[in-house]
Every structure is written in C-alpha cells, then in structure tokens.
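work_20.txt follows (compact mmCIF, N, CA, C and O atoms and all ligand atoms):
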# COMPACT_ATOMS: atom_id res chain seq x y z
N MET A 1 0.84 -1.20 0.00
CA MET A 1 0.00 0.00 0.00
C MET A 1 0.87 1.25 0.00
O MET A 1 1.63 1.48 0.92
N THR A 2 0.76 2.03 -1.09
CA THR A 2 1.57 3.24 -1.16
C THR A 2 0.69 4.49 -1.20
O THR A 2 1.19 5.58 -1.32
N SER A 3 -0.63 4.28 -1.12
CA SER A 3 -1.51 5.44 -1.13
C SER A 3 -2.75 5.16 -0.29
O SER A 3 -3.03 4.02 0.07
N ARG A 4 -3.48 6.23 0.01
CA ARG A 4 -4.73 6.09 0.73
C ARG A 4 -5.77 6.96 0.04
O ARG A 4 -5.43 7.70 -0.89
N TYR A 5 -7.02 6.86 0.46
CA TYR A 5 -8.07 7.63 -0.17
C TYR A 5 -8.50 8.79 0.72
O TYR A 5 -8.39 8.73 1.94
N ARG A 6 -8.98 9.83 0.07
CA ARG A 6 -9.53 10.96 0.80
C ARG A 6 -10.77 11.45 0.06
O ARG A 6 -10.75 11.62 -1.16
N CYS A 7 -11.86 11.67 0.78
CA CYS A 7 -13.08 12.21 0.17
C CYS A 7 -12.99 13.73 0.20
O CYS A 7 -12.93 14.33 1.28
N THR A 8 -13.00 14.33 -0.99
CA THR A 8 -12.89 15.79 -1.04
C THR A 8 -14.22 16.46 -0.68
O THR A 8 -14.25 17.64 -0.38
N ALA A 9 -15.32 15.70 -0.69
CA ALA A 9 -16.62 16.28 -0.37
C ALA A 9 -16.80 16.50 1.14
O ALA A 9 -17.34 17.51 1.56
N CYS A 10 -16.33 15.55 1.96
CA CYS A 10 -16.55 15.68 3.41
C CYS A 10 -15.27 15.55 4.23
O CYS A 10 -15.30 15.70 5.44
N GLY A 11 -14.16 15.25 3.58
CA GLY A 11 -12.89 15.16 4.31
C GLY A 11 -12.61 13.80 4.92
O GLY A 11 -11.59 13.61 5.59
N ASN A 12 -13.48 12.84 4.71
CA ASN A 12 -13.28 11.49 5.24
C ASN A 12 -11.96 10.89 4.75
O ASN A 12 -11.66 10.94 3.56
N LEU A 13 -11.21 10.34 5.68
CA LEU A 13 -9.92 9.71 5.34
C LEU A 13 -9.90 8.23 5.69
O LEU A 13 -8.97 7.52 5.34
N THR A 14 -10.94 7.77 6.37
CA THR A 14 -10.80 6.46 7.02
C THR A 14 -11.85 5.41 6.64
O THR A 14 -11.63 4.23 6.90
N ARG A 15 -12.99 5.80 6.05
CA ARG A 15 -14.05 4.81 5.82
C ARG A 15 -14.54 4.86 4.37
O ARG A 15 -15.10 5.87 3.95
N PHE A 16 -14.32 3.74 3.64
CA PHE A 16 -14.73 3.68 2.25
C PHE A 16 -15.28 2.30 1.92
O PHE A 16 -14.83 1.30 2.48
N ASP A 17 -16.25 2.27 1.01
CA ASP A 17 -16.68 1.01 0.42
C ASP A 17 -15.91 0.85 -0.88
O ASP A 17 -16.01 1.69 -1.77
N VAL A 18 -15.14 -0.21 -0.98
CA VAL A 18 -14.28 -0.42 -2.14
C VAL A 18 -14.70 -1.68 -2.87
O VAL A 18 -14.83 -2.74 -2.25
N VAL A 19 -14.94 -1.55 -4.17
CA VAL A 19 -15.18 -2.72 -5.01
C VAL A 19 -13.90 -2.98 -5.79
O VAL A 19 -13.41 -2.11 -6.50
N ALA A 20 -13.34 -4.16 -5.62
CA ALA A 20 -12.07 -4.48 -6.27
C ALA A 20 -12.07 -5.91 -6.79
O ALA A 20 -12.73 -6.78 -6.24
N THR A 21 -11.33 -6.11 -7.85
CA THR A 21 -11.09 -7.45 -8.36
C THR A 21 -9.68 -7.84 -7.94
O THR A 21 -8.73 -7.13 -8.23
N ARG A 22 -9.58 -8.94 -7.23
CA ARG A 22 -8.26 -9.37 -6.75
C ARG A 22 -7.98 -10.79 -7.21
O ARG A 22 -8.84 -11.65 -7.18
N ARG A 23 -6.73 -11.00 -7.63
CA ARG A 23 -6.28 -12.34 -7.95
C ARG A 23 -5.35 -12.73 -6.82
O ARG A 23 -4.38 -12.03 -6.54
N THR A 24 -5.66 -13.82 -6.16
CA THR A 24 -4.88 -14.18 -4.98
C THR A 24 -4.43 -15.64 -5.02
O THR A 24 -5.02 -16.46 -5.73
N ARG A 25 -3.40 -15.89 -4.28
CA ARG A 25 -3.00 -17.28 -4.02
C ARG A 25 -3.05 -17.47 -2.52
O ARG A 25 -2.60 -16.60 -1.76
N ALA A 26 -3.57 -18.60 -2.09
CA ALA A 26 -3.70 -18.83 -0.66
C ALA A 26 -3.61 -20.31 -0.35
O ALA A 26 -3.79 -21.16 -1.22
N PHE A 27 -3.32 -20.57 0.90
CA PHE A 27 -3.28 -21.94 1.42
C PHE A 27 -4.65 -22.24 2.02
O PHE A 27 -5.05 -21.60 2.98
N TRP A 28 -5.39 -23.13 1.40
CA TRP A 28 -6.71 -23.52 1.90
C TRP A 28 -6.55 -24.74 2.77
O TRP A 28 -6.10 -25.80 2.30
N HIS A 29 -6.92 -24.59 4.01
CA HIS A 29 -6.68 -25.62 5.00
C HIS A 29 -8.04 -26.12 5.52
O HIS A 29 -8.76 -25.38 6.18
N TYR A 30 -8.39 -27.35 5.15
CA TYR A 30 -9.64 -27.95 5.60
C TYR A 30 -9.40 -28.82 6.82
O TYR A 30 -8.39 -29.51 6.91
N THR A 31 -10.35 -28.79 7.72
CA THR A 31 -10.33 -29.78 8.79
C THR A 31 -10.95 -31.07 8.24
O THR A 31 -11.55 -31.07 7.16
N VAL A 32 -10.77 -32.16 8.96
CA VAL A 32 -11.36 -33.42 8.53
C VAL A 32 -12.88 -33.26 8.39
O VAL A 32 -13.51 -33.84 7.52
N GLY A 33 -13.47 -32.41 9.24
CA GLY A 33 -14.90 -32.16 9.19
C GLY A 33 -15.34 -31.28 8.03
O GLY A 33 -16.53 -31.08 7.83
N GLY A 34 -14.38 -30.73 7.29
CA GLY A 34 -14.71 -29.94 6.10
C GLY A 34 -14.77 -28.45 6.34
O GLY A 34 -15.17 -27.70 5.46
N GLU A 35 -14.33 -28.00 7.51
CA GLU A 35 -14.32 -26.57 7.78
C GLU A 35 -13.07 -25.95 7.18
O GLU A 35 -11.96 -26.43 7.40
N LEU A 36 -13.26 -24.88 6.41
CA LEU A 36 -12.15 -24.28 5.68
C LEU A 36 -11.59 -23.07 6.42
O LEU A 36 -12.32 -22.22 6.91
N SER A 37 -10.26 -23.00 6.49
CA SER A 37 -9.64 -21.73 6.86
C SER A 37 -8.61 -21.37 5.80
O SER A 37 -7.86 -22.22 5.34
N VAL A 38 -8.67 -20.11 5.37
CA VAL A 38 -7.78 -19.63 4.31
C VAL A 38 -6.60 -18.92 4.96
O VAL A 38 -6.78 -17.98 5.72
N GLU A 39 -5.40 -19.40 4.64
CA GLU A 39 -4.21 -18.84 5.27
C GLU A 39 -3.21 -18.39 4.21
O GLU A 39 -3.26 -18.82 3.07
N GLU A 40 -2.28 -17.56 4.65
CA GLU A 40 -1.17 -17.12 3.79
C GLU A 40 -1.64 -16.52 2.47
O GLU A 40 -1.07 -16.78 1.42
N GLU A 41 -2.72 -15.76 2.53
CA GLU A 41 -3.23 -15.19 1.29
C GLU A 41 -2.27 -14.12 0.76
O GLU A 41 -1.83 -13.24 1.47
N GLN A 42 -1.97 -14.26 -0.53
CA GLN A 42 -1.04 -13.35 -1.20
C GLN A 42 -1.79 -12.69 -2.35
O GLN A 42 -2.41 -13.39 -3.16
N VAL A 43 -1.78 -11.38 -2.43
CA VAL A 43 -2.46 -10.70 -3.52
C VAL A 43 -1.51 -10.60 -4.71
O VAL A 43 -0.46 -9.98 -4.64
N LEU A 44 -1.87 -11.28 -5.80
CA LEU A 44 -1.02 -11.28 -7.00
C LEU A 44 -1.34 -10.07 -7.87
O LEU A 44 -0.49 -9.53 -8.55
N ASP A 45 -2.62 -9.68 -7.85
CA ASP A 45 -3.06 -8.59 -8.70
C ASP A 45 -4.34 -8.00 -8.10
O ASP A 45 -5.18 -8.76 -7.63
N ALA A 46 -4.46 -6.68 -8.11
CA ALA A 46 -5.67 -6.07 -7.58
C ALA A 46 -6.05 -4.86 -8.42
O ALA A 46 -5.20 -4.03 -8.73
N VAL A 47 -7.31 -4.81 -8.81
CA VAL A 47 -7.80 -3.68 -9.58
C VAL A 47 -9.00 -3.10 -8.83
O VAL A 47 -9.99 -3.79 -8.61
N VAL A 48 -8.88 -1.84 -8.44
CA VAL A 48 -9.97 -1.17 -7.73
C VAL A 48 -10.96 -0.63 -8.75
O VAL A 48 -10.58 0.11 -9.66
N GLU A 49 -12.22 -1.04 -8.65
CA GLU A 49 -13.24 -0.62 -9.62
C GLU A 49 -14.01 0.60 -9.16
O GLU A 49 -14.32 1.47 -9.94
N SER A 50 -14.35 0.65 -7.87
CA SER A 50 -15.02 1.85 -7.39
C SER A 50 -14.76 2.05 -5.92
O SER A 50 -14.57 1.10 -5.16
N VAL A 51 -14.70 3.33 -5.52
CA VAL A 51 -14.51 3.71 -4.13
C VAL A 51 -15.62 4.68 -3.77
O VAL A 51 -15.81 5.69 -4.45
N VAL A 52 -16.37 4.34 -2.73
CA VAL A 52 -17.49 5.19 -2.31
C VAL A 52 -17.27 5.60 -0.86
O VAL A 52 -16.97 4.76 -0.01
N CYS A 53 -17.41 6.90 -0.60
CA CYS A 53 -17.26 7.41 0.76
C CYS A 53 -18.36 6.85 1.64
O CYS A 53 -19.53 6.90 1.31
N ARG A 54 -17.99 6.31 2.77
CA ARG A 54 -18.92 5.69 3.70
C ARG A 54 -19.75 6.76 4.43
O ARG A 54 -20.82 6.50 4.94
N TRP A 55 -19.22 7.96 4.52
CA TRP A 55 -19.89 9.02 5.28
C TRP A 55 -20.92 9.76 4.43
O TRP A 55 -22.02 10.02 4.87
N CYS A 56 -20.54 10.17 3.21
CA CYS A 56 -21.44 11.03 2.43
C CYS A 56 -21.81 10.42 1.08
O CYS A 56 -22.49 11.06 0.29
N SER A 57 -21.38 9.20 0.82
CA SER A 57 -21.71 8.46 -0.41
C SER A 57 -21.15 9.07 -1.68
O SER A 57 -21.58 8.73 -2.78
N ALA A 58 -20.21 10.00 -1.55
CA ALA A 58 -19.56 10.55 -2.74
C ALA A 58 -18.70 9.47 -3.39
O ALA A 58 -18.21 8.56 -2.72
N SER A 59 -18.53 9.58 -4.71
CA SER A 59 -17.68 8.61 -5.41
C SER A 59 -17.06 9.28 -6.62
O SER A 59 -17.25 10.47 -6.86
N GLY A 60 -16.35 8.51 -7.42
CA GLY A 60 -15.76 9.03 -8.65
C GLY A 60 -14.72 10.10 -8.36
O GLY A 60 -13.83 9.91 -7.53
N ALA A 61 -14.88 11.24 -9.01
CA ALA A 61 -13.87 12.30 -8.92
C ALA A 61 -13.78 12.90 -7.52
O ALA A 61 -12.79 13.55 -7.18
N ALA A 62 -14.82 12.72 -6.70
CA ALA A 62 -14.80 13.28 -5.34
C ALA A 62 -13.80 12.55 -4.44
O ALA A 62 -13.37 13.08 -3.42
N ILE A 63 -13.44 11.33 -4.84
CA ILE A 63 -12.49 10.56 -4.04
C ILE A 63 -11.11 10.70 -4.67
O ILE A 63 -10.91 10.34 -5.84
N GLU A 64 -10.17 11.23 -3.90
CA GLU A 64 -8.83 11.36 -4.46
C GLU A 64 -7.88 10.41 -3.74
O GLU A 64 -8.09 10.03 -2.61
N GLU A 65 -6.84 10.05 -4.48
CA GLU A 65 -5.83 9.16 -3.94
C GLU A 65 -4.70 10.02 -3.42
O GLU A 65 -4.20 10.90 -4.12
N VAL A 66 -4.31 9.79 -2.18
CA VAL A 66 -3.27 10.57 -1.53
C VAL A 66 -2.07 9.66 -1.31
O VAL A 66 -2.21 8.61 -0.70
N PRO A 67 -0.89 10.03 -1.82
CA PRO A 67 0.27 9.16 -1.58
C PRO A 67 0.66 9.12 -0.11
O PRO A 67 0.57 10.14 0.59
N LEU A 68 1.03 7.94 0.34
CA LEU A 68 1.52 7.79 1.70
C LEU A 68 3.02 8.03 1.71
O LEU A 68 3.71 7.68 0.75
N PRO A 69 3.53 8.63 2.79
CA PRO A 69 4.99 8.78 2.84
C PRO A 69 5.66 7.42 2.86
O PRO A 69 5.18 6.49 3.50
N GLY A 70 6.75 7.29 2.13
CA GLY A 70 7.46 6.02 2.08
C GLY A 70 8.21 5.77 3.38
O GLY A 70 8.15 6.58 4.29
N PRO A 71 8.92 4.63 3.45
CA PRO A 71 9.67 4.31 4.66
C PRO A 71 10.78 5.32 4.95
O PRO A 71 11.19 5.48 6.10
N GLU A 72 11.21 6.05 3.92
CA GLU A 72 12.25 7.06 4.10
C GLU A 72 11.70 8.33 4.76
O GLU A 72 12.44 9.15 5.25
N GLY A 73 10.37 8.50 4.70
CA GLY A 73 9.76 9.66 5.35
C GLY A 73 9.29 10.69 4.42
O GLY A 73 9.23 10.97 3.36
ZN ZN B 101 -17.39 11.90 1.92

Encoded form (structure tokens):
Amino acid sequence: MTSRYRCTACGNLTRFDVVATRRTRAFWHYTVGGELSVEEEQVLDAVVESVVCRWCSASGAAIEEVPLPGPEG
C-alpha cells in the first residue's frame, strides 16, 4: 500500500466502500470435518473498480488518492 483515499466532499480519510477485483493465491486448510480456513493469502493482482465514501456516499472524482509517505519519510 503506497496510497490512501480521501473524500474531497466531506474530508473522510478512514471509511470507504471499495469494489475491487483481486487475484490471490492462498493456502486452503480444511479440517477433517470440512471446515475451511484460508491462510497465507497473497495478492497477486488487484484492480480497484469503485470507491465510495462511507460518510457522504460521494464517489468518482470526489475521491482522491493521496500518496503515503514512504519508509524514508
Ligand atoms: Zn465523503
């Protein structure tokens, strides 16, 4: 993650509904009873299709992507 979202309509920085297509690889671990737990999930590819502000329902151009400072600061 090198960026975050910001809603320019209401200033929300923390709550969004995101629709994304993700291609992942994971370790699927079944118990003998058939209960599944998914572990070690690795995201190989992710495409964000839409981001909607959870507070004011703004979307599209109202949501801007803000770069996060890198590890260097
Ligand atoms: Zn908003």

Straight-line distance linking atom O of Val51 (chain A) with atom O of Cys10 (chain A), stated in Å to one decimal: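 Answer for the atom O of Val51 (chain A) to atom O of Cys10 (chain A) separation: 14.1 Å.
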
Ligand ZN 101 (chain B) neighbours within 5 Å using all atoms listed in the file, as a ChimeraX atom specification: /A:7,9-12,53,55-58

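Distances to Phe16 (chain A) were evaluated for A:Gly33, A:Ser50, A:Pro69, A:Glu40 using all atoms listed in the file, and the minimum falls at A:Ser50.
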
Between CA of Arg15 (chain A) and atom O of Asp45 (chain A), distance in Å (one decimal): 21.1 Å

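Residues with any atom within 6 Å of the point (-2.3, -10.7, -6.8), counting all atoms listed in the file, are Arg22, Arg23, Thr24, Arg25, Gln42, Val43, Leu44, Asp45 and Ala46 of chain A.
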
Expected residue set, 8 Å radius at (1.2, 8.3, 3.5), only N, CA, C and O atoms, as number ranges by chain: A: 1-4, 66-70

As AutoDock Vina command-line options: centre and edge lengths in Å, one decimal, of the axis-aligned box holding region 7-22 of chain A with 5 Å per side:
--center_x -12.7 --center_y 3.0 --center_z -0.7 --size_x 19.4 --size_y 39.3 --size_z 25.4

Interatomic distance (Å, one decimal) between CA of Ala26 (chain A) and atom C of Leu13 (chain A):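 Separation between CA of Ala26 (chain A) and atom C of Leu13 (chain A): 28.5 Å.
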
Among the residues A:Glu35, A:Glu41, A:Glu49, A:Glu72, the one that comes closest to Val19 (chain A) [using only C-alpha atoms]: A:Glu49

Nearest to Arg6 (chain A) by atom-to-atom distance, counting only C-alpha atoms, from A:Val47, A:Pro71, A:Glu39, A:Arg54: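 Nearest candidate to Arg6 (chain A) out of A:Val47, A:Pro71, A:Glu39, A:Arg54: A:Arg54.
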
Enumerate as a tab-separated table (two decimals) with N, CA, C and O atoms, in the coordinates of the input all residues of region 2-71 of chain A assigned to strand (DSSP E or B) by DSSP on the backbone, naming them with the chain letters and numbers the document uses.
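The resulting result-v2.tsv:
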chain	number	residue	atom	x	y	z
A	3	SER	N	-0.63	4.28	-1.12
A	3	SER	CA	-1.51	5.44	-1.13
A	3	SER	C	-2.75	5.16	-0.29
A	3	SER	O	-3.03	4.02	0.07
A	4	ARG	N	-3.48	6.23	0.01
A	4	ARG	CA	-4.73	6.09	0.73
A	4	ARG	C	-5.77	6.96	0.04
A	4	ARG	O	-5.43	7.70	-0.89
A	5	TYR	N	-7.02	6.86	0.46
A	5	TYR	CA	-8.07	7.63	-0.17
A	5	TYR	C	-8.50	8.79	0.72
A	5	TYR	O	-8.39	8.73	1.94
A	6	ARG	N	-8.98	9.83	0.07
A	6	ARG	CA	-9.53	10.96	0.80
A	6	ARG	C	-10.77	11.45	0.06
A	6	ARG	O	-10.75	11.62	-1.16
A	7	CYS	N	-11.86	11.67	0.78
A	7	CYS	CA	-13.08	12.21	0.17
A	7	CYS	C	-12.99	13.73	0.20
A	7	CYS	O	-12.93	14.33	1.28
A	16	PHE	N	-14.32	3.74	3.64
A	16	PHE	CA	-14.73	3.68	2.25
A	16	PHE	C	-15.28	2.30	1.92
A	16	PHE	O	-14.83	1.30	2.48
A	17	ASP	N	-16.25	2.27	1.01
A	17	ASP	CA	-16.68	1.01	0.42
A	17	ASP	C	-15.91	0.85	-0.88
A	17	ASP	O	-16.01	1.69	-1.77
A	18	VAL	N	-15.14	-0.21	-0.98
A	18	VAL	CA	-14.28	-0.42	-2.14
A	18	VAL	C	-14.70	-1.68	-2.87
A	18	VAL	O	-14.83	-2.74	-2.25
A	19	VAL	N	-14.94	-1.55	-4.17
A	19	VAL	CA	-15.18	-2.72	-5.01
A	19	VAL	C	-13.90	-2.98	-5.79
A	19	VAL	O	-13.41	-2.11	-6.50
A	20	ALA	N	-13.34	-4.16	-5.62
A	20	ALA	CA	-12.07	-4.48	-6.27
A	20	ALA	C	-12.07	-5.91	-6.79
A	20	ALA	O	-12.73	-6.78	-6.24
A	21	THR	N	-11.33	-6.11	-7.85
A	21	THR	CA	-11.09	-7.45	-8.36
A	21	THR	C	-9.68	-7.84	-7.94
A	21	THR	O	-8.73	-7.13	-8.23
A	22	ARG	N	-9.58	-8.94	-7.23
A	22	ARG	CA	-8.26	-9.37	-6.75
A	22	ARG	C	-7.98	-10.79	-7.21
A	22	ARG	O	-8.84	-11.65	-7.18
A	23	ARG	N	-6.73	-11.00	-7.63
A	23	ARG	CA	-6.28	-12.34	-7.95
A	23	ARG	C	-5.35	-12.73	-6.82
A	23	ARG	O	-4.38	-12.03	-6.54
A	24	THR	N	-5.66	-13.82	-6.16
A	24	THR	CA	-4.88	-14.18	-4.98
A	24	THR	C	-4.43	-15.64	-5.02
A	24	THR	O	-5.02	-16.46	-5.73
A	25	ARG	N	-3.40	-15.89	-4.28
A	25	ARG	CA	-3.00	-17.28	-4.02
A	25	ARG	C	-3.05	-17.47	-2.52
A	25	ARG	O	-2.60	-16.60	-1.76
A	26	ALA	N	-3.57	-18.60	-2.09
A	26	ALA	CA	-3.70	-18.83	-0.66
A	26	ALA	C	-3.61	-20.31	-0.35
A	26	ALA	O	-3.79	-21.16	-1.22
A	27	PHE	N	-3.32	-20.57	0.90
A	27	PHE	CA	-3.28	-21.94	1.42
A	27	PHE	C	-4.65	-22.24	2.02
A	27	PHE	O	-5.05	-21.60	2.98
A	28	TRP	N	-5.39	-23.13	1.40
A	28	TRP	CA	-6.71	-23.52	1.90
A	28	TRP	C	-6.55	-24.74	2.77
A	28	TRP	O	-6.10	-25.80	2.30
A	29	HIS	N	-6.92	-24.59	4.01
A	29	HIS	CA	-6.68	-25.62	5.00
A	29	HIS	C	-8.04	-26.12	5.52
A	29	HIS	O	-8.76	-25.38	6.18
A	30	TYR	N	-8.39	-27.35	5.15
A	30	TYR	CA	-9.64	-27.95	5.60
A	30	TYR	C	-9.40	-28.82	6.82
A	30	TYR	O	-8.39	-29.51	6.91
A	36	LEU	N	-13.26	-24.88	6.41
A	36	LEU	CA	-12.15	-24.28	5.68
A	36	LEU	C	-11.59	-23.07	6.42
A	36	LEU	O	-12.32	-22.22	6.91
A	37	SER	N	-10.26	-23.00	6.49
A	37	SER	CA	-9.64	-21.73	6.86
A	37	SER	C	-8.61	-21.37	5.80
A	37	SER	O	-7.86	-22.22	5.34
A	38	VAL	N	-8.67	-20.11	5.37
A	38	VAL	CA	-7.78	-19.63	4.31
A	38	VAL	C	-6.60	-18.92	4.96
A	38	VAL	O	-6.78	-17.98	5.72
A	39	GLU	N	-5.40	-19.40	4.64
A	39	GLU	CA	-4.21	-18.84	5.27
A	39	GLU	C	-3.21	-18.39	4.21
A	39	GLU	O	-3.26	-18.82	3.07
A	40	GLU	N	-2.28	-17.56	4.65
A	40	GLU	CA	-1.17	-17.12	3.79
A	40	GLU	C	-1.64	-16.52	2.47
A	40	GLU	O	-1.07	-16.78	1.42
A	41	GLU	N	-2.72	-15.76	2.53
A	41	GLU	CA	-3.23	-15.19	1.29
A	41	GLU	C	-2.27	-14.12	0.76
A	41	GLU	O	-1.83	-13.24	1.47
A	42	GLN	N	-1.97	-14.26	-0.53
A	42	GLN	CA	-1.04	-13.35	-1.20
A	42	GLN	C	-1.79	-12.69	-2.35
A	42	GLN	O	-2.41	-13.39	-3.16
A	43	VAL	N	-1.78	-11.38	-2.43
A	43	VAL	CA	-2.46	-10.70	-3.52
A	43	VAL	C	-1.51	-10.60	-4.71
A	43	VAL	O	-0.46	-9.98	-4.64
A	44	LEU	N	-1.87	-11.28	-5.80
A	44	LEU	CA	-1.02	-11.28	-7.00
A	44	LEU	C	-1.34	-10.07	-7.87
A	44	LEU	O	-0.49	-9.53	-8.55
A	45	ASP	N	-2.62	-9.68	-7.85
A	45	ASP	CA	-3.06	-8.59	-8.70
A	45	ASP	C	-4.34	-8.00	-8.10
A	45	ASP	O	-5.18	-8.76	-7.63
A	46	ALA	N	-4.46	-6.68	-8.11
A	46	ALA	CA	-5.67	-6.07	-7.58
A	46	ALA	C	-6.05	-4.86	-8.42
A	46	ALA	O	-5.20	-4.03	-8.73
A	47	VAL	N	-7.31	-4.81	-8.81
A	47	VAL	CA	-7.80	-3.68	-9.58
A	47	VAL	C	-9.00	-3.10	-8.83
A	47	VAL	O	-9.99	-3.79	-8.61
A	48	VAL	N	-8.88	-1.84	-8.44
A	48	VAL	CA	-9.97	-1.17	-7.73
A	48	VAL	C	-10.96	-0.63	-8.75
A	48	VAL	O	-10.58	0.11	-9.66
A	49	GLU	N	-12.22	-1.04	-8.65
A	49	GLU	CA	-13.24	-0.62	-9.62
A	49	GLU	C	-14.01	0.60	-9.16
A	49	GLU	O	-14.32	1.47	-9.94
A	50	SER	N	-14.35	0.65	-7.87
A	50	SER	CA	-15.02	1.85	-7.39
A	50	SER	C	-14.76	2.05	-5.92
A	50	SER	O	-14.57	1.10	-5.16
A	51	VAL	N	-14.70	3.33	-5.52
A	51	VAL	CA	-14.51	3.71	-4.13
A	51	VAL	C	-15.62	4.68	-3.77
A	51	VAL	O	-15.81	5.69	-4.45
A	52	VAL	N	-16.37	4.34	-2.73
A	52	VAL	CA	-17.49	5.19	-2.31
A	52	VAL	C	-17.27	5.60	-0.86
A	52	VAL	O	-16.97	4.76	-0.01
A	53	CYS	N	-17.41	6.90	-0.60
A	53	CYS	CA	-17.26	7.41	0.76
A	53	CYS	C	-18.36	6.85	1.64
A	53	CYS	O	-19.53	6.90	1.31
A	59	SER	N	-18.53	9.58	-4.71
A	59	SER	CA	-17.68	8.61	-5.41
A	59	SER	C	-17.06	9.28	-6.62
A	59	SER	O	-17.25	10.47	-6.86
A	63	ILE	N	-13.44	11.33	-4.84
A	63	ILE	CA	-12.49	10.56	-4.04
A	63	ILE	C	-11.11	10.70	-4.67
A	63	ILE	O	-10.91	10.34	-5.84
A	64	GLU	N	-10.17	11.23	-3.90
A	64	GLU	CA	-8.83	11.36	-4.46
A	64	GLU	C	-7.88	10.41	-3.74
A	64	GLU	O	-8.09	10.03	-2.61
A	65	GLU	N	-6.84	10.05	-4.48
A	65	GLU	CA	-5.83	9.16	-3.94
A	65	GLU	C	-4.70	10.02	-3.42
A	65	GLU	O	-4.20	10.90	-4.12
A	66	VAL	N	-4.31	9.79	-2.18
A	66	VAL	CA	-3.27	10.57	-1.53
A	66	VAL	C	-2.07	9.66	-1.31
A	66	VAL	O	-2.21	8.61	-0.70
A	67	PRO	N	-0.89	10.03	-1.82
A	67	PRO	CA	0.27	9.16	-1.58
A	67	PRO	C	0.66	9.12	-0.11
A	67	PRO	O	0.57	10.14	0.59
